[in-house]
Amino acid sequence: ATEGHPDRIKSLRESAEGAAEGLQVAQDALLQEQQETETLRKKVLQEEEALQELQGRRQEVEAQSLRERQLRCNQMRREEALRSAVEAARADQEARTALLAESGVLLQKLNNEVLSLKGNIRVFCRLRPRLAQENQEKVCLEVAEQQLTVYGVPQRNVTGLSEQTRSWSFDFDHIFRPEASQAEVFEEISLLVQSALDGYRVAILAYGQTGSGKTYTMLGPSEEASQDPGVLPRTVE
């Protein structure tokens with residue numbers, strides 16, 4: 001027993017050393033496993049964060065897609081409303097066009113009836129302003145809307161005791177006073193111009209002595225007719 005004790009101690013020592021080495025290997029393996037586990041845990045955390053980020057992006061994409069669908073729906077509704085409005089406006093325009101055509105025909109008819117009621121032949125009188133050399137004339141005029149009265153120079157009778165003034169009255173369809181403008185004259189005959197455009201035969205004559213204003217009435221001022229055009233330029237316009 002004494003002789004075998006050192007061998008046993010040696011064997012136990014070797015066993016203890018083997019166990020220590022095995023323990024160290026186990027500890028190293030455990031440490032490596034812990035490190036790998038930590039690495040895997042961090043990777044899992046990273047994957048979870050990436051997954052959460054992807055889920056957040058997916059939610060944003062879904063929300064954006066929902067907004068786009070809503071926008072498309074709203075746009076489609078607006079387009080439909082606009083299409084309906086355009087169709088209604090087109091129908092209203094067609095109705096207005098038809099009404100305008102009917103009104104034009106009716107207006108032509110009424111215009112010609114008005115002219116017929118006023119008379120196929122109408123006579124207007126336009127008084128021009130007196131010239132400087134005419135201010136001394138003693139002839140007096142009394143102007144009403146449709147009647148012109150001319151008073152002559154007072155004359156004494158044969159005995160010389162009294163004076164007598166002769167007068168002449170003239171009836172017209174309309175009388176334009178000296179202050180009447182070219183526009184007022186044209187407005188009065190505009191219905192005749194419209195009848196001519198409608199295809200009816202119309203004649204407008206300016207009659208009077210030299211210097212009475214015929215050219216001025218029909219054409220306008222000779223030096224620059226565009227400033228105050230007469231009947232013919234206004235008809236063309």
# chains A, B, ... in the order shown; residues from 1 in each chain; ligands from 1
$ select_by_dssp --residues "range 32-234 of chain A" --states "strand (DSSP E)" --output "number ranges by chain"
A: 124-126, 140-143, 147-151, 155-156, 163-164, 167-171, 174-176
$ closest_residue --among "A:Gln59, A:Phe124, A:Val44, A:Leu148" --to "Ala206 in chain A" --atoms "only C-alpha atoms"
A:Phe124
$ select_by_dssp --residues "range 25-210 of chain A" --states "alpha helix (DSSP H)" --output "MDAnalysis selection string"
chainID A and resid 25:118 182:197
$ closest_residue --among "A:Asp198, A:Ser212, A:Phe186, A:Glu17" --to "Pro229 in chain A" --atoms "only C-alpha atoms"
A:Phe186
$ atom_distance --atom1 "CA of His174 in chain A" --atom2 "CA of Leu232 in chain A"
19.6 Å
$ atom_distance --atom1 "CA of Arg83 in chain A" --atom2 "CA of Leu100 in chain A"
24.9 Å
$ atom_distance --atom1 "CA of Phe170 in chain A" --atom2 "CA of Asn157 in chain A"
25.5 Å
$ residues_around --residues "Tyr216 in chain A" --least-positions-apart "3" --cutoff "9 Å" --atoms "only C-alpha atoms" --output "VMD selection string"
chain A and resid 182 212 to 213 219 to 222 225 229 to 230
$ write_last_selection --atoms "C-alpha atoms" --output "CSV table (one decimal), in the first residue's frame"
chain,number,residue,atom,x,y,z
A,182,GLN,CA,-72.6,112.5,-85.0
A,212,SER,CA,-75.2,123.1,-95.0
A,213,GLY,CA,-73.3,120.1,-93.6
A,219,LEU,CA,-68.5,111.4,-93.9
A,220,GLY,CA,-67.3,113.5,-91.0
A,221,PRO,CA,-64.7,116.3,-90.9
A,222,SER,CA,-62.7,116.5,-94.1
A,225,ALA,CA,-62.7,112.0,-90.3
A,229,PRO,CA,-66.9,109.9,-88.3
A,230,GLY,CA,-70.1,110.4,-90.1
